[in-house]
>>> print(open('entry.cif').read())   # mmCIF, C-alpha atoms
data_upload
#
loop_
_atom_site.label_atom_id
_atom_site.label_comp_id
_atom_site.auth_asym_id
_atom_site.auth_seq_id
_atom_site.Cartn_x
_atom_site.Cartn_y
_atom_site.Cartn_z
CA MET A 1 10.46 -32.33 4.05
CA LEU A 2 8.98 -29.80 1.66
CA LYS A 3 11.22 -26.89 0.75
CA LEU A 4 10.00 -23.53 -0.50
CA SER A 5 12.34 -23.75 -3.49
CA ASP A 6 10.68 -27.06 -4.50
CA LEU A 7 7.22 -25.59 -4.03
CA GLU A 8 8.07 -22.58 -6.20
CA GLN A 9 8.91 -24.94 -9.08
CA ASP A 10 5.47 -26.58 -8.92
CA SER A 11 3.17 -25.49 -11.77
CA THR A 12 0.10 -25.42 -9.49
CA TYR A 13 1.90 -23.05 -7.10
CA GLN A 14 2.97 -20.83 -10.00
CA GLU A 15 -0.60 -20.74 -11.34
CA LEU A 16 -1.88 -19.75 -7.89
CA GLY A 17 0.63 -16.88 -7.83
CA ARG A 18 -0.55 -15.65 -11.24
CA ASN A 19 -4.18 -15.90 -10.10
CA LEU A 20 -3.42 -13.80 -7.01
CA LEU A 21 -2.03 -11.03 -9.21
CA VAL A 22 -5.03 -11.20 -11.54
CA GLN A 23 -7.36 -10.91 -8.52
CA ARG A 24 -5.37 -7.97 -7.11
CA ASP A 25 -5.65 -6.12 -10.41
CA LEU A 26 -9.35 -6.91 -10.79
CA LEU A 27 -10.18 -5.78 -7.25
CA PHE A 28 -8.23 -2.56 -7.74
CA ARG A 29 -9.92 -1.84 -11.10
CA ASN A 30 -13.37 -2.42 -9.64
CA ALA A 31 -12.69 -0.13 -6.67
CA LEU A 32 -12.22 2.92 -8.92
CA SER A 33 -15.01 4.68 -10.79
CA GLU A 34 -14.46 6.02 -14.30
CA GLU A 35 -14.51 9.56 -12.88
CA THR A 36 -11.79 8.65 -10.38
CA LEU A 37 -9.71 7.00 -13.11
CA GLU A 38 -9.97 10.15 -15.21
CA ASP A 39 -8.66 12.17 -12.24
CA PHE A 40 -5.73 9.77 -11.91
CA ARG A 41 -5.01 10.01 -15.65
CA MET A 42 -4.76 13.79 -15.30
CA MET A 43 -2.49 13.45 -12.26
CA VAL A 44 -0.22 10.98 -14.10
CA SER A 45 0.06 13.38 -17.04
CA ARG A 46 0.98 16.25 -14.65
CA VAL A 47 3.83 14.25 -13.10
CA GLY A 48 5.42 13.32 -16.40
CA GLY A 49 3.86 9.88 -16.76
CA ARG A 50 5.14 8.50 -13.46
CA ALA A 51 2.92 5.88 -11.89
CA MET A 52 0.91 6.72 -8.78
CA PRO A 53 2.16 4.68 -5.79
CA VAL A 54 -0.17 2.23 -4.06
CA TYR A 55 1.30 1.24 -0.69
CA VAL A 56 0.69 -2.33 0.47
CA LEU A 57 1.19 -3.73 3.97
CA LEU A 58 1.37 -7.51 3.93
CA THR A 59 0.31 -9.12 7.20
CA GLY A 60 0.04 -12.60 8.63
CA GLY A 61 2.17 -15.71 8.40
CA SER A 62 1.88 -15.95 4.61
CA ALA A 63 3.29 -12.44 4.11
CA ARG A 64 6.79 -13.90 3.70
CA LEU A 65 5.83 -16.17 0.81
CA PRO A 66 7.24 -14.95 -2.52
CA MET A 67 3.88 -15.27 -4.31
CA VAL A 68 2.22 -13.10 -1.64
CA GLN A 69 5.07 -10.58 -1.72
CA ALA A 70 4.55 -10.31 -5.49
CA ILE A 71 1.14 -8.74 -4.73
CA ALA A 72 2.97 -5.80 -3.16
CA SER A 73 5.05 -5.03 -6.25
CA GLY A 74 4.57 -4.42 -9.93
CA THR A 75 2.58 -1.97 -11.97
CA LEU A 76 -0.95 -1.70 -13.32
CA ASN A 77 -2.16 0.46 -16.19
CA ILE A 78 -5.90 1.08 -16.36
CA GLY A 79 -6.62 3.02 -19.54
CA GLY A 80 -3.71 5.42 -19.09
CA ALA A 81 -3.94 5.67 -15.30
CA LYS A 82 -0.70 4.10 -14.08
CA PHE A 83 -0.22 2.63 -10.61
CA GLU A 84 2.82 1.11 -8.93
CA PHE A 85 2.38 -1.25 -5.99
CA LYS A 86 5.00 -0.75 -3.27
CA GLN A 87 5.42 -2.82 -0.15
CA ILE A 88 5.53 -0.96 3.16
CA THR A 89 8.50 -2.25 5.14
CA ASP A 90 9.01 0.54 7.67
CA ILE A 91 8.08 -0.07 11.27
CA PRO A 92 5.60 2.51 12.65
CA ARG A 93 7.13 5.35 14.68
CA TRP A 94 5.26 4.42 17.86
CA ILE A 95 7.00 1.00 17.87
CA VAL A 96 10.43 2.55 17.34
CA GLU A 97 9.78 4.91 20.29
CA LEU A 98 9.11 2.05 22.75
CA PRO A 99 11.86 1.03 25.20
CA ARG A 100 14.58 -0.78 23.23
CA ALA A 101 13.86 -4.37 24.31
CA LEU A 102 10.12 -4.01 23.75
CA SER A 103 10.68 -2.15 20.47
CA ASP A 104 12.96 -4.91 19.15
CA LEU A 105 10.50 -7.63 20.14
CA THR A 106 7.49 -5.82 18.66
CA ALA A 107 9.32 -4.83 15.46
CA ARG A 108 10.42 -8.42 14.85
CA GLU A 109 6.83 -9.68 14.99
CA PHE A 110 5.17 -6.67 13.36
CA PRO A 111 4.82 -8.08 9.81
CA GLN A 112 3.09 -11.22 11.10
CA CYS A 113 0.88 -9.52 13.69
CA ALA A 114 0.39 -6.02 12.22
CA VAL A 115 -3.40 -6.06 12.43
CA ALA A 116 -3.48 -7.22 16.06
CA ILE A 117 -0.60 -4.93 17.06
CA GLY A 118 -2.22 -1.98 15.26
CA GLY A 119 -5.41 -2.58 17.18
CA SER A 120 -3.52 -2.15 20.42
CA ALA A 121 -1.66 0.97 19.32
CA PRO A 122 -1.89 3.91 21.71
CA GLU A 123 -3.01 6.15 18.85
CA LEU A 124 -5.01 4.68 15.99
CA PRO A 125 -5.26 6.31 12.55
CA LYS A 126 -8.35 8.38 11.92
CA GLU A 127 -11.16 6.15 10.67
CA GLN A 128 -12.21 6.80 7.09
CA LYS A 129 -15.91 6.79 6.25
CA ASN A 130 -15.14 6.80 2.55
CA LEU A 131 -12.41 4.35 1.56
CA LEU A 132 -12.00 5.87 -1.89
CA ALA A 133 -11.27 9.37 -0.58
CA PRO A 134 -7.65 8.65 0.51
CA ILE A 135 -6.71 7.28 -2.92
CA THR A 136 -8.67 9.53 -5.25
CA ALA A 137 -7.48 12.68 -6.89
CA PRO A 138 -8.69 15.97 -5.45
CA ALA A 139 -11.66 17.63 -7.13
CA ALA A 140 -10.87 19.90 -10.04
CA GLY A 141 -11.01 23.61 -9.41
CA VAL A 142 -9.12 26.47 -7.89
CA ARG A 143 -7.25 25.88 -4.66
CA VAL A 144 -6.37 28.81 -2.44
CA LEU A 145 -3.70 28.46 0.19
CA GLU A 146 -4.20 30.37 3.41
CA ARG A 147 -1.82 33.24 3.98
CA TYR A 148 0.34 33.32 7.05
CA GLN A 149 2.13 36.43 8.21
CA VAL A 150 5.86 35.82 8.32
CA GLN A 151 8.13 38.30 10.06
CA GLY A 152 11.82 38.51 9.42
CA THR A 153 14.55 39.68 11.72
#
>>> encode(input="entry.cif", output="structure tokens")
Amino acid sequence: MLKLSDLEQDSTYQELGRNLLVQRDLLFRNALSEETLEDFRMMVSRVGGRAMPVYVLLTGGSARLPMVQAIASGTLNIGGAKFEFKQITDIPRWIVELPRALSDLTAREFPQCAVAIGGSAPELPKEQKNLLAPITAPAAGVRVLERYQVQGT
């Protein structure tokens, strides 16, 4: 019987894990334009050099494998724009709000079936027409907050 600990010692398995990280970094680099990277560099400098978080939800049966979980952690520096990959482990609020037995059952299977479960959610997230918009820095310029009248007692 093959054990995960034995598999993790195999050089081919370790090479596959390294290749997955290289592919993650390459895909992320290619998804961002130079203009977008410059915006992120400015944001990183404004927050004292802290990396910008990139949240990762691992789904499917392989999500529990250590080499797949490694994709959802670590950092990436692209010419001064720093990013930190963080795995999402929280269960969505709508699952927590289900009746207890159903909530427990759904929460237990969520990491393996997140895509299918998400598709059956009573309220789906708003669809994005531009996939870069949620992760890009806002356009430079002046921002004006609306004023709201506040009355004291």
>>> atom_distance(input="entry.cif", atom1="atom CA of A:Ala63", atom2="atom CA of A:Ala114")
10.7 Å
>>> residues_around(input="entry.cif", residues="A:Ser73", least_positions_apart="4", cutoff="10 Å", atoms="only C-alpha atoms", output="PyMOL selection string")
chain A and resi 21+54-56+68-69+84-87
>>> resolve_selection(input="entry.cif", expression="the PyMOL selection byres ((chain A and resi 66) around 12)", output="PDB file with C-alpha atoms, in the coordinates of the input")
ATOM      1  CA  LEU A   4      10.000 -23.530  -0.500  1.00  0.00           C
ATOM      2  CA  SER A   5      12.340 -23.750  -3.490  1.00  0.00           C
ATOM      3  CA  LEU A   7       7.220 -25.590  -4.030  1.00  0.00           C
ATOM      4  CA  GLU A   8       8.070 -22.580  -6.200  1.00  0.00           C
ATOM      5  CA  TYR A  13       1.900 -23.050  -7.100  1.00  0.00           C
ATOM      6  CA  GLN A  14       2.970 -20.830 -10.000  1.00  0.00           C
ATOM      7  CA  LEU A  16      -1.880 -19.750  -7.890  1.00  0.00           C
ATOM      8  CA  GLY A  17       0.630 -16.880  -7.830  1.00  0.00           C
ATOM      9  CA  ARG A  18      -0.550 -15.650 -11.240  1.00  0.00           C
ATOM     10  CA  LEU A  20      -3.420 -13.800  -7.010  1.00  0.00           C
ATOM     11  CA  LEU A  58       1.370  -7.510   3.930  1.00  0.00           C
ATOM     12  CA  SER A  62       1.880 -15.950   4.610  1.00  0.00           C
ATOM     13  CA  ALA A  63       3.290 -12.440   4.110  1.00  0.00           C
ATOM     14  CA  ARG A  64       6.790 -13.900   3.700  1.00  0.00           C
ATOM     15  CA  LEU A  65       5.830 -16.170   0.810  1.00  0.00           C
ATOM     16  CA  MET A  67       3.880 -15.270  -4.310  1.00  0.00           C
ATOM     17  CA  VAL A  68       2.220 -13.100  -1.640  1.00  0.00           C
ATOM     18  CA  GLN A  69       5.070 -10.580  -1.720  1.00  0.00           C
ATOM     19  CA  ALA A  70       4.550 -10.310  -5.490  1.00  0.00           C
ATOM     20  CA  ILE A  71       1.140  -8.740  -4.730  1.00  0.00           C
ATOM     21  CA  ALA A  72       2.970  -5.800  -3.160  1.00  0.00           C
ATOM     22  CA  SER A  73       5.050  -5.030  -6.250  1.00  0.00           C
TER      23      SER A  73
END
>>> closest_residue(input="entry.cif", among="A:Pro53, A:Gly61, A:Asp25, A:Asn19", to="A:Cys113", atoms="all atoms listed in the file")
A:Gly61
>>> atom_distance(input="entry.cif", atom1="atom CA of A:Ile95", atom2="atom CA of A:Gly60")
17.9 Å
>>> resolve_selection(input="entry.cif", expression="the PyMOL selection byres ((chain A and resi 107) around 12)", output="ChimeraX atom specification")
/A:89-106,108-114,117-118
>>> atom_distance(input="entry.cif", atom1="atom CA of A:Glu35", atom2="atom CA of A:Ala140")
11.3 Å
>>> closest_residue(input="entry.cif", among="A:Gly74, A:Gly79, A:Thr59, A:Asp10", to="A:Arg24", atoms="only C-alpha atoms")
A:Gly74
>>> closest_residue(input="entry.cif", among="A:Ala116, A:Ala31, A:Arg46, A:Glu38", to="A:Ala81", atoms="all atoms listed in the file")
A:Glu38
>>> residues_around(input="entry.cif", residues="A:Met52", least_positions_apart="6", cutoff="8 Å", atoms="all atoms listed in the file", output="list in words")
Phe40, Val44, Lys82, Phe83 and Glu84 of chain A
>>> write_last_selection(input="entry.cif", atoms="C-alpha atoms", output="CSV table (one decimal), keeping the file's coordinate frame")
chain,number,residue,atom,x,y,z
A,40,PHE,CA,-5.7,9.8,-11.9
A,44,VAL,CA,-0.2,11.0,-14.1
A,82,LYS,CA,-0.7,4.1,-14.1
A,83,PHE,CA,-0.2,2.6,-10.6
A,84,GLU,CA,2.8,1.1,-8.9
